[in-house]
Every structure is written in structure tokens, then in C-alpha cells.
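Everything below concerns the one structure shown next.
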There are 6 protein chains.
Amino acid sequence: MIYIERKERFSAAHQLFNPHWTIEKNQEVFGKCSNKNFHGHNYTLTVTVKGEINPNTGFVMNLVELKKLIKDHVIEKLDHANLNHDVDFMKGKFTSTEVLAVEIWNILKPLIAQHNCELHKIRLDETENNAVEFWG
Amino acid sequence: MIYIERKERFSAAHQLFNPHWTIEKNQEVFGKCSNKNFHGHNYTLTVTVKGEINPNTGFVMNLVELKKLIKDHVIEKLDHANLNHDVDFMKGKFTSTEVLAVEIWNILKPLIAQHNCELHKIRLDETENNAVEFWG
Amino acid sequence: MIYIERKERFSAAHQLFNPHWTIEKNQEVFGKCSNKNFHGHNYTLTVTVKGEINPNTGFVMNLVELKKLIKDHVIEKLDHANLNHDVDFMKGKFTSTEVLAVEIWNILKPLIAQHNCELHKIRLDETENNAVEFWG
Amino acid sequence: MIYIERKERFSAAHQLFNPHWTIEKNQEVFGKCSNKNFHGHNYTLTVTVKGEINPNTGFVMNLVELKKLIKDHVIEKLDHANLNHDVDFMKGKFTSTEVLAVEIWNILKPLIAQHNCELHKIRLDETENNAVEFWG
Amino acid sequence: MIYIERKERFSAAHQLFNPHWTIEKNQEVFGKCSNKNFHGHNYTLTVTVKGEINPNTGFVMNLVELKKLIKDHVIEKLDHANLNHDVDFMKGKFTSTEVLAVEIWNILKPLIAQHNCELHKIRLDETENNAVEFWG
Amino acid sequence: MIYIERKERFSAAHQLFNPHWTIEKNQEVFGKCSNKNFHGHNYTLTVTVKGEINPNTGFVMNLVELKKLIKDHVIEKLDHANLNHDVDFMKGKFTSTEVLAVEIWNILKPLIAQHNCELHKIRLDETENNAVEFWG
């Protein structure tokens, strides 16, 4: 088994907010991240796929296909979007990096399985210092 | 003369929009950047200061002071903010990287002059591929 | 389970030296790293924490708290310090990246456990080419 | 057990091509990567070694030795080379990043074992967005 | 006047070779870079454009247009190509980073002038340590 | 005229200290940087050389020669050294990044002139956020 990795990027706005809490409580827990007018990030998404080397190509999975799949099903929906309002699969959810990584996993897992490979890890960098990793 | 440089970072949301144009015209010119719900970036601000080496310190300007000045007067206002709504010095202006760089120049220039140094350049990176430089 | 990661940085001086060896033997094994007047690095510390997503916040652990914990208990002691002389938890130990990573693990493990999370990995980059990872 | 990591770089040319296929089929599967005149990359190789901390040095393995071993047995053969024509251990093989990573593993594994350490992972970055990891 | 900058990347193969010299002389001057089977790099091209801020957009030049222009006229020809054999504007020229930067300048200068802006600088990074800058 | 740039790295220890001041005054001005036991950094030195393209090579200056010159005359003296005690050309001087950049300029300027080129700029990055540039 060998692992391949593809990075894609998107820029999005979001707000961290718990609707069951007061504004003060949100401010206390989420600080500046709860700004009602939103703030934003350049996110870097790293998708790791696990599989065997295909003896006809030397590839685990063709990166052109992996790139297209990530772009069509994830980046297209997230780039230049507001994670709280514009993204169907984030409706009613916290827009933390953790939750976003799990949702991206859920989208990509079955799609990658159709290529006889297995999604191994989703990594999402929110800033140069903060990141999340999810292995399912 | 020698030049010193300090980098600081902030994360903000914005929308590119010309209020004198229709939504269609905005969409045509600004594309995804005109999303009414905003999008966002991790910006990197690089401030270059020019001066002579102080014979008592070996410094052009104490970086602790330069850092404090940038944080108090610029980063504090921009970090986790919405450039269109939350930032006093951007009110009524385009929130393009170009305009933002010029406004940061205008704020920092007189403040740095009080330290017997001269602001030389403002560089603002919006993404890893797009940046602006302003020399006044 | 999901994993979050936080990076912090510190600049420190150190010397690699085995007091039971002659200077020649130290020079032979540690080379330039055994310089008696020290040398130094900008270290990057990456702390990975494992836990479940809190349904009230969307967070594994609040990064503001994780950052504070790392700064107060680790960075504060290491930044602009001499690892051989100034750091209580390194007294009498080799100041290799390996040993430093293990000591940081020992400090952070119980502190992170108090937040219902688990320390998963300590990564310490000494230069852009050399790094250490410790999983306990 | 603790893990140390060393990065080395090389620049090489290659072509992705299956000799049992027509040029059209190669073009269809490998796209621009099948250009008959080759293209090239700056590769970054990351070697991770696992072991116990030596009580006389504080090291898992002396990085000077690890660096020499990687340079002499891998980088020397790959740097400024054509992976399809100049590299003995790649003869008759696909020059994909996957296959190259496996071959580097095979070379380094026994050499590192001679230092009472164990090769843990080979990571090979082909571009800033594409990488492969192999754990044997 | 303000300056905007756009980065694009391409991967290419090349050989440094002076046809008026013997192979030995080429080897002596160009070293490994004269390998007859080529070697390659991931190049980063940075294009800096100078102009005034358009009062209707807040832009010097629309980055979508600048990006398209660089991709269509430069990257399309260089990416996954052999600089010695596949690139019309490099025919019969040295494929050094210096010469390549000058040729890219010559292509982009008139094209950018059509957008009421001025090409200010071409920067070409061949590796993480080597780069060239050309101001015309 | 065209400009080429070469990056080299070194790791060093230093202390900022004015011997004509009390320890308290040093502490007040230099803060943690005045630690008597030193601290350290991974410095990145960028040397920019200006010249015309040699019609026989396509080069401004052979980077192999530029690299050797920087290594022999600068990096060799600074790497794994204590800037206050081990470096001949820094004796009795402030070890600020500013002063160090000027001294490196003074060493490299005449050496590069012997290659029919001109030293254009010295850039010295002390951390990822702090840097100095000197144009003579």
C-alpha cells in the first residue's frame, strides 16, 4: 500500500456561533471568531488516498482525476463562499475547521472508492498555525 | 541607509462591489469576489522601514516598537474583521488589496516618522499567488 | 476522533556536548554542534491533540486555550533562552531535538488531559531540513 | 521510540510512458506528463527514521550520517538526472512518484538498519501540491 | 502608482549547453546542468505590474485577466515542456533562467500595455535557492 | 542588466548588548535579546548580483562560483558560530541583523567585482517575520 496526497486551496468567510447561546456567551467562547459580520481564511485542503500501484500506470490513482474530483465536489462549493450561508453541506452546522474536515471526508470517501482507492486522511489548514486532521 | 522589514498577519472577510453598478455588472467584473455573503483571506502584511543604524543599538528601529505600532494601529482593526463593514478607515472604499495597502500606508507613515525612520514600502499578500506593493 | 494541530515558534541557543567525553571526542561526534560558545536555531513546535468534537462548539479543544497552555508552559521557558543553561526542565540533559521533544511531551501531556483531550504528537523542527516527532 | 526526519532535494527530468500502449493511449492517460522530450521537477525527499534515543548522544541517529547516506546512495544518482535514462535503479520502471518512492525505500532500508535504526517512512514531494508517502 | 504581483508555476526540463564548445568544456562550465538527457525544475514565475488604481474597481488590473494572459501566452508553452526543444521562443537560445526571464518579459510587456498598465518586473525562481529578476 | 539571487542558510547564537550601558538599560532596550547566555536563529542570507548576460553561457555569473564564494567567505564563518565571540569580522560590533548585513556586504562586494559583476543587495532574514535589506 502506498499513499498519495493532493493539495487544493480555497478562500472563504465564516462565523463561529452557537444559536442556543447569548451573544455574550458566544463572544466569551469564540472571541473574535464570533464577529457577526464574518471574517475569513485561505484554507488549504490536503487529501490523502491509499491504494496499490497500478502496474499499467505506476499510479495509485491518476492525480488529474483526483484533482478534478476534489475541485468539482468540494472546492467549487467552498471557494469564495460564506461557510455559514452559501454551502449546502454545512447548513445548520458549526463552521469550525473540525466539522468542515469531517464533512469533506463524507463527500470524498464514496467518490474515491469508485476509483478502487481508499480515502485515508483529510487535512485542513485554516491558518499557517492551525490545522485539523481526520482519518474517519 | 538600511531597510528593515516586519511581517504581521490578519484574517478578514470582504466583498468586492461597486454600488453604482448592477449586480450583473459586479458579477461580470468581480466574479466570485462579489459574493454578497462575503469570502475571506489570511492576509500577510509586510512593512519595510528605512533609516540609519543607531550607533547605540545597532538597530534602524527597535522591532519590538515597530511590531507594537503595526499591531495597535493596523492588525487590531483588521484581524477577524469584515473589511466592508467593521473597519473605520475602509468605510465607503473598495476593499481591494490595492486600496487596503494604500490605507495602511497612510496610517503607518506618520507613526513611523515619529521614530526618526521612514516608511519605505507596504506589501500585502492576499493569497500565496496575489500581492500588492506600495511605495507611496 | 479528530486531531487538531497548533504551531508555535521559539528561538534558542544550545550546544551538544557529552561531559563524560573529551573535547576531541565531542568534536568528532557532534562536529560544529559542539561549539563551546553555542549556536542557535528558530525552532517550530507543532502540538497535535486528539479528541471528539464538542457538540456545543464544533471544537475538539479551544485553540485559544491550547495556544495559551503551550505559550505559558513551554514557549515562555524556551524562547530567547540557552537550552543548556536557562531551562529548568533541560538541566543535565542533552539539548538534542529528540530530548527536547520528549521533555515538551512530558510537560504538555497532563495539562492537555485536563481539557478532556489527549496529547497525540509533538513535532519539533530545528531547521527547515531536520525535525523530530514523538508519539509518547 | 522517537522519529527523526531529514529533507534533501534533487532536480530531475522524466516522462510518464507505458511502452505497451500507443502514443495516443499514453497521451490520453498521462496527458502532458507523457511529453516525449521530457519535463522536470524539483523533488523534495523526506526520510523518517525510527529508533531509541542513544544515552551517550541524545540522538536517535546522527543526522550527519543520515544526510551522508541519503546523499551518497540516493541524491547523487537522482540530482540533475533523467529518471528514465540515467538512473540504474529505475531502468525499465515507471518514473511515477509512487514507484520512485518505493525504490528509494528499498535502497535506504538496509543501510539505515546498519545504524541500529529503522526506516519508517519515505515521503516524496513532486510539486508543492503533489506528494507520495510509503511506509514499506 | 501601485504594483500588483501574480505568481504562476510550471514544470519543465532543460539542458545547459553551448554548441560551439566541446562536451568537456560544457561539462567544465555547466557541470551537472549539461547532462545530455536533461534535468528539470518546478519554476515559479512572478509577474509585477505597475499602474494607477482604477476608481471604478479599486484594481490596478483585474487579476483574472492578468492570470489568463500569463497562462495563455507563457505557462501554456512552458509547462511540462522541454525548454531546449518544445518552446518556440527559446529556439537556439540558452535555457538559463536569465535568458528565460528576458524572453518572458518580451512576451508579456506589449500584452500588459494593452490593459493601460506597465510590466514592471519578471522574477523567475528555478529552485528554492536560485532566482532571477529582470526590470527590462 | 539582469539580477540573480542565491540563498544560503546558517544557524548562529548571539546576544544584543551595549557594553556602555547597565544590565538594566540593556534589558529595557533589547529585552529577551540581551540574555547573557545567548539565544539563536536560523538565518537565511540572500545575495543579489547584477550584471549583463554572458553571450557564451547565458549566465550573469555562474551560480556554482557565487555559491562557493558565499560559502567560503561568509557561511563558513557564521554557521554554528556565536556571532559575539567566534566571528572575526563582528568583533566589537553589535550583532544586530542590520550590522551583520552591512558586514556581509563589505566582504562580498570586492569578491563579486572580480567576476565582472556587481553586488546589488544583501538580504538577511533572522526569523520568518524579521528581515533586513542593504543596497550599499
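To be explicit about the labels: the chains of the C-alpha cells are called A, B, and onward in the order shown, and within each one the residues are counted from 1, while ligands get numbers from 1 in the order they are shown.
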(message) At a cut-off of 9 Å, using only C-alpha atoms, what residues contact E:Leu45? Leave out same-chain residues fewer than 4 positions from it and give the result as a PyMOL selection string.
(response) chain E and resi 6-10+75+101+122-126
Create the file for the chosen residues now, containing N, CA, C and O atoms and written as a compact mmCIF listing (two decimals), in the first residue's frame.
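As a result, again-v5.txt now contains:
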# COMPACT_ATOMS: atom_id res chain seq x y z
N ARG E 6 1.52 38.66 -9.48
CA ARG E 6 0.82 37.38 -9.66
C ARG E 6 1.85 36.27 -9.86
O ARG E 6 2.76 36.41 -10.68
N LYS E 7 1.69 35.18 -9.13
CA LYS E 7 2.59 34.02 -9.25
C LYS E 7 1.91 32.92 -10.04
O LYS E 7 0.75 32.59 -9.80
N GLU E 8 2.64 32.31 -10.99
CA GLU E 8 2.18 31.11 -11.68
C GLU E 8 3.36 30.13 -11.69
O GLU E 8 4.51 30.53 -11.53
N ARG E 9 3.06 28.86 -11.87
CA ARG E 9 4.09 27.83 -11.79
C ARG E 9 4.12 26.96 -13.04
O ARG E 9 3.09 26.77 -13.68
N PHE E 10 5.29 26.43 -13.37
CA PHE E 10 5.37 25.44 -14.45
C PHE E 10 6.54 24.50 -14.16
O PHE E 10 7.47 24.84 -13.46
N ILE E 75 2.67 30.22 -19.64
CA ILE E 75 2.62 28.93 -18.95
C ILE E 75 2.24 27.80 -19.91
O ILE E 75 2.84 26.73 -19.89
N ALA E 101 13.88 34.47 -18.39
CA ALA E 101 13.20 35.63 -17.79
C ALA E 101 13.09 36.78 -18.79
O ALA E 101 12.04 37.44 -18.88
N ILE E 122 9.91 40.89 -13.96
CA ILE E 122 9.73 39.44 -14.10
C ILE E 122 10.68 38.80 -13.10
O ILE E 122 11.88 39.12 -13.10
N ARG E 123 10.16 37.94 -12.26
CA ARG E 123 11.00 37.17 -11.36
C ARG E 123 10.78 35.70 -11.67
O ARG E 123 9.63 35.27 -11.84
N LEU E 124 11.87 34.96 -11.74
CA LEU E 124 11.76 33.54 -12.06
C LEU E 124 12.60 32.76 -11.05
O LEU E 124 13.82 32.92 -10.99
N ASP E 125 11.93 31.96 -10.24
CA ASP E 125 12.62 31.09 -9.27
C ASP E 125 12.79 29.71 -9.89
O ASP E 125 11.79 29.08 -10.25
N GLU E 126 14.02 29.24 -9.98
CA GLU E 126 14.30 27.94 -10.57
C GLU E 126 14.31 26.84 -9.50
O GLU E 126 13.90 25.71 -9.74
Would you list which chain C residues are within 8 Å of chain A using only C-alpha atoms, as a tab-separated table (two decimals) with N, CA, C and O atoms, in the first residue's frame?
chain	number	residue	atom	x	y	z
C	1	MET	N	-12.94	10.26	16.44
C	1	MET	CA	-11.79	11.02	16.91
C	1	MET	C	-11.24	11.90	15.80
C	1	MET	O	-11.17	11.48	14.65
C	2	ILE	N	-10.84	13.10	16.18
C	2	ILE	CA	-10.27	14.02	15.20
C	2	ILE	C	-9.06	14.68	15.86
C	2	ILE	O	-8.90	14.66	17.08
C	3	TYR	N	-8.17	15.21	15.03
C	3	TYR	CA	-6.88	15.71	15.53
C	3	TYR	C	-6.72	17.18	15.17
C	3	TYR	O	-6.90	17.55	14.01
C	4	ILE	N	-6.36	18.00	16.16
C	4	ILE	CA	-6.07	19.41	15.85
C	4	ILE	C	-4.61	19.68	16.14
C	4	ILE	O	-3.98	19.03	16.96
C	5	GLU	N	-4.12	20.69	15.46
C	5	GLU	CA	-2.68	20.94	15.47
C	5	GLU	C	-2.43	22.43	15.63
C	5	GLU	O	-3.08	23.26	14.97
C	6	ARG	N	-1.50	22.77	16.47
C	6	ARG	CA	-1.15	24.18	16.68
C	6	ARG	C	0.36	24.35	16.61
C	6	ARG	O	1.11	23.60	17.26
C	7	LYS	N	0.81	25.34	15.84
C	7	LYS	CA	2.24	25.62	15.72
C	7	LYS	C	2.61	26.86	16.53
C	7	LYS	O	1.92	27.87	16.47
C	8	GLU	N	3.72	26.76	17.26
C	8	GLU	CA	4.30	27.92	17.93
C	8	GLU	C	5.80	27.90	17.65
C	8	GLU	O	6.36	26.86	17.33
C	53	ILE	N	-15.33	15.84	18.79
C	53	ILE	CA	-15.86	17.18	18.55
C	53	ILE	C	-16.93	17.49	19.59
C	53	ILE	O	-17.91	16.75	19.73
C	56	ASN	N	-21.27	21.42	21.44
C	56	ASN	CA	-21.66	22.81	21.72
C	56	ASN	C	-20.78	23.85	21.04
C	56	ASN	O	-21.11	25.03	21.02
C	57	THR	N	-19.61	23.41	20.54
C	57	THR	CA	-18.69	24.39	19.97
C	57	THR	C	-18.19	24.01	18.58
C	57	THR	O	-17.71	24.86	17.84
C	58	GLY	N	-18.26	22.71	18.24
C	58	GLY	CA	-17.67	22.27	16.98
C	58	GLY	C	-16.17	22.12	17.09
C	58	GLY	O	-15.49	21.84	16.11
C	59	PHE	N	-15.64	22.30	18.32
C	59	PHE	CA	-14.20	22.23	18.57
C	59	PHE	C	-13.81	20.91	19.26
C	59	PHE	O	-14.59	20.39	20.06
C	60	VAL	N	-12.61	20.43	19.01
C	60	VAL	CA	-12.02	19.40	19.85
C	60	VAL	C	-11.56	20.06	21.15
C	60	VAL	O	-11.87	19.62	22.25
(request) For atom CA of F:Lys32 and atom CA of B:Leu63, quote the distance in Å rounded to one decimal. (result)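 About the pair atom CA of F:Lys32 and atom CA of B:Leu63: they are 12.4 Å apart.
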(request) Determine which residues of chain F DSSP labels as strand (DSSP E or B) from the backbone of this structure, then write them out as a count of residues only. (result) 41
(message) Using Å and a single decimal, report how far atom CA of E:Met61 sits from atom CA of E:Ala113.
(response) 10.8 Å
